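Colleague: Take this structure, written in structure tokens, and hold onto it; I'll ask about it next.
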Amino acid sequence: MTAYLAAMCKLVFEETGLLPHVNCGVLTRDELLMLREFNGSMGIMLENVSERLMLPGQAHYGCVGKLPALRLETMATAGELGIAFTTGILIGIGETPEERVDSLFALRELQERSGNIQEVIIQNFRVKPDIRMRAWGEPSALDMLRTIAVARLVLGGEQNIQAPPNLTPDAYQMYLLAGINDWGGISPVTLDHINPERAWPMVAELRAATAEAGFELRERLCLYPEYLARPEFVRDGLRARMAALVDERGIVREEETRW
């Protein structure tokens with residue numbers, strides 16, 4: 001399975017010039033090495049550091065791959081191999097406020113050790129009719145704002161923090177005021193494959209909302225500018241393509257922007 005994924009990443013890059021970014025769960029060192037050469041970055045959500053959520057009746061029951069220690073180990077190993085990782089927490093899955101904070105501190109400590117956590121996502125759980133948790137409540141916009149603000153305090157000013165705008169369509173602009181600096185992978189041509197029923201905001205709308213809050217919407221690579229500037233995080237086979245796409249700040253040049 002991992003070998004097939006690695007082959008598809010190579011094919012996508014060679015045939016299209018797109019920079020792959022895989023999120024394929026817990027990985028061994030050998031699997032990370034197999035995927036590394038044709039991925040600009042990789043990702044895995046921590047979701048929550050609490051092992052209590054692995055117990056019967058809880059959100060992670062029966063999901064061995066969600067064991068927090070395994071996910072943290074994958075990210076730490078990736079750091080040793082010079083792979084930048086996106087991760088984050090999922091709120092509203094039965095965790096306590098204290099467990100949210102514990103999860104943020106776990107990610108801060110991981111970043112202090114490994115240095116490869118390029119982005120932390122704060123994501124709100126949304127109910128779907130065909131899942132085991134279909135009768136659970138959803139976190140409010142206020143829950144999201146509080147968690148984003150705490151994440152900014154815990155993780156510090158240098159950490160990139162993202163929250164998806166399509167999961168709170170009526171309040172996402174407030175995320176900018178709470179402390180995020182990134183919207184994630186917004187696409188005008190594809191669905192959110194995790195939440196396909198939640199359409200992305202139109203790019204023009206998102207640009208206007210961002211500007212109203214005092215910021216400029218710009219496109220970046222899957223690898224953040226500060227990691228693009230560190231050779232150990234840039235694969236040799238991707239280096240020329242990345243350099244051709246970005247300006248002196250490490251963000252996508254205006255003439256290369258697709259939207």
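Each chain of the structure tokens is named A, B, ... in the order shown, its residues numbered from 1; ligands are numbered from 1 in display order.
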Wanna dump the region 5-59 of chain A-region 216-236 of chain A contacts at 7 Å for me, each residue with its shortest atom pair and the distance in Å to one decimal, counting only C-alpha atoms, ordered by chain and number, as JSON lines?
Modeller:
{"residue": "A:His21", "atom": "CA", "partner": "A:Cys222", "partner_atom": "CA", "distance": 6.7}
{"residue": "A:Glu37", "atom": "CA", "partner": "A:Arg235", "partner_atom": "CA", "distance": 5.8}
{"residue": "A:Gly40", "atom": "CA", "partner": "A:Leu223", "partner_atom": "CA", "distance": 5.9}
{"residue": "A:Ser41", "atom": "CA", "partner": "A:Leu223", "partner_atom": "CA", "distance": 5.8}
Colleague: Could you check the closest approach to Gly43 (chain A) for each of A:Glu109, A:Glu98, A:Glu31, A:Glu119 and tell me which residue wins, using only C-alpha atoms?
Modeller: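 Answer, going by the shortest atom-to-atom distance: A:Glu119.
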Colleague: Based on DSSP run over this structure's backbone, return all residues of region 11-246 of chain A in helix (DSSP H, G or I), as a ChimeraX atom specification.
Modeller: /A:11-16,29-36,51-54,64-66,68-80,97-114,141-155,165-167,173-178,203-212,225-228,231-233,236-245
Colleague: Near Thr86 (chain A), counting only C-alpha atoms, which residues have an atom at most 7 Å away, once you skip same-chain residues fewer than 2 positions from it, shown as a compact mmCIF listing (two decimals) with C-alpha atoms, in the first residue's frame?
Modeller:
# COMPACT_ATOMS: atom_id res chain seq x y z
CA MET A 42 3.25 15.29 5.00
CA GLY A 43 0.62 15.30 7.72
CA ILE A 44 -1.21 13.43 10.42
CA ILE A 117 5.82 20.77 12.97
CA GLN A 118 5.17 23.41 10.36
CA GLU A 119 1.47 23.86 11.05
CA VAL A 120 -1.10 23.07 13.74
Colleague: Give me, as a ChimeraX atom specification, all polymer residues having an atom no more than 12 Å from His60 (chain A), counting only C-alpha atoms and skipping those fewer than 3 positions away in the same chain.
Modeller: /A:46-57,63-68,90,93-95,132-133
Colleague: One decimal, in Å: what's the spacing between CA of Val101 (chain A) and CA of Tyr175 (chain A)?
Modeller: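 Separating CA of Val101 (chain A) from CA of Tyr175 (chain A) is a distance of 18.0 Å.
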Colleague: So how many Å separate CA of Gln162 (chain A) and CA of Asn23 (chain A), to one decimal?
Modeller: 16.2 Å
Colleague: Might you pull out every residue within 12 Å of Leu110 (chain A), with only C-alpha atoms counted and same-chain residues fewer than 2 positions away left off, and present them as a PyMOL selection string?
Modeller: chain A and resi 46+49+69+71-80+85+87+103-108+112-118+120+155
Colleague: At a cut-off of 10 Å, using only C-alpha atoms, what residues contact Tyr172 (chain A)? Leave out same-chain residues fewer than 2 positions from it and give the result as a list of chain:residue names.
Modeller: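 Counting only C-alpha atoms, the residues come to A:Ala141, A:Met144, A:Leu145, A:Ala163, A:Pro164, A:Pro165, A:Asn166, A:Leu167, A:Thr168, A:Pro169, A:Asp170, A:Met174, A:Tyr175, A:Leu176, A:Leu177, A:Trp183, A:Pro201, A:Leu206, A:Ala209, A:Thr210.
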Colleague: From a DSSP pass on the backbone, collect the residues of region 89-133 of chain A flagged as strand (DSSP E) and hand them back as a PyMOL selection string.
Modeller: chain A and resi 89-91+117-124
Colleague: Take the residues from that selection and write them out as a short mmCIF file (atom, residue, chain, number, x, y, z; two decimals), in the first residue's frame, keeping N, CA and C atoms.
Modeller:
data_model
loop_
_atom_site.label_atom_id
_atom_site.label_comp_id
_atom_site.auth_asym_id
_atom_site.auth_seq_id
_atom_site.Cartn_x
_atom_site.Cartn_y
_atom_site.Cartn_z
N ILE A 89 -5.38 19.38 16.26
CA ILE A 89 -6.33 18.76 17.19
C ILE A 89 -7.73 18.87 16.62
N LEU A 90 -8.57 17.92 16.99
CA LEU A 90 -9.97 17.90 16.59
C LEU A 90 -10.80 18.13 17.84
N ILE A 91 -11.60 19.18 17.87
CA ILE A 91 -12.36 19.48 19.08
C ILE A 91 -13.82 19.07 18.91
N ILE A 117 7.27 20.53 12.98
CA ILE A 117 5.82 20.77 12.97
C ILE A 117 5.58 22.14 12.36
N GLN A 118 5.29 22.15 11.07
CA GLN A 118 5.17 23.41 10.36
C GLN A 118 3.81 24.08 10.54
N GLU A 119 2.82 23.32 10.96
CA GLU A 119 1.47 23.86 11.05
C GLU A 119 0.65 23.04 12.04
N VAL A 120 -0.17 23.73 12.83
CA VAL A 120 -1.10 23.07 13.74
C VAL A 120 -2.52 23.52 13.37
N ILE A 121 -3.36 22.55 13.07
CA ILE A 121 -4.75 22.82 12.70
C ILE A 121 -5.64 22.71 13.94
N ILE A 122 -6.54 23.65 14.09
CA ILE A 122 -7.61 23.55 15.08
C ILE A 122 -8.89 23.28 14.28
N GLN A 123 -9.42 22.08 14.38
CA GLN A 123 -10.55 21.69 13.55
C GLN A 123 -11.74 21.29 14.42
N ASN A 124 -12.90 21.73 14.02
CA ASN A 124 -14.13 21.40 14.76
C ASN A 124 -14.83 20.20 14.15
#
Colleague: Which residue is closest to Ala151 (chain A)? Choose from A:Thr28, A:Arg249, A:Ile194, A:Gly179 and count only C-alpha atoms.
Modeller: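 Looking at the shortest contact to Ala151 (chain A), the residue is A:Gly179.
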Colleague: With distances taken over only C-alpha atoms, which of A:Asp30, A:Glu212, A:Arg36, A:Asn181 is nearest to Ala149 (chain A)?
Modeller: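 Selected residue with least distance to Ala149 (chain A): A:Asn181.
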Colleague: I'd like to know which of A:Met1, A:Ala59, A:Val246, A:Leu19 is closest to Met34 (chain A), using only C-alpha atoms.
Modeller: A:Met1
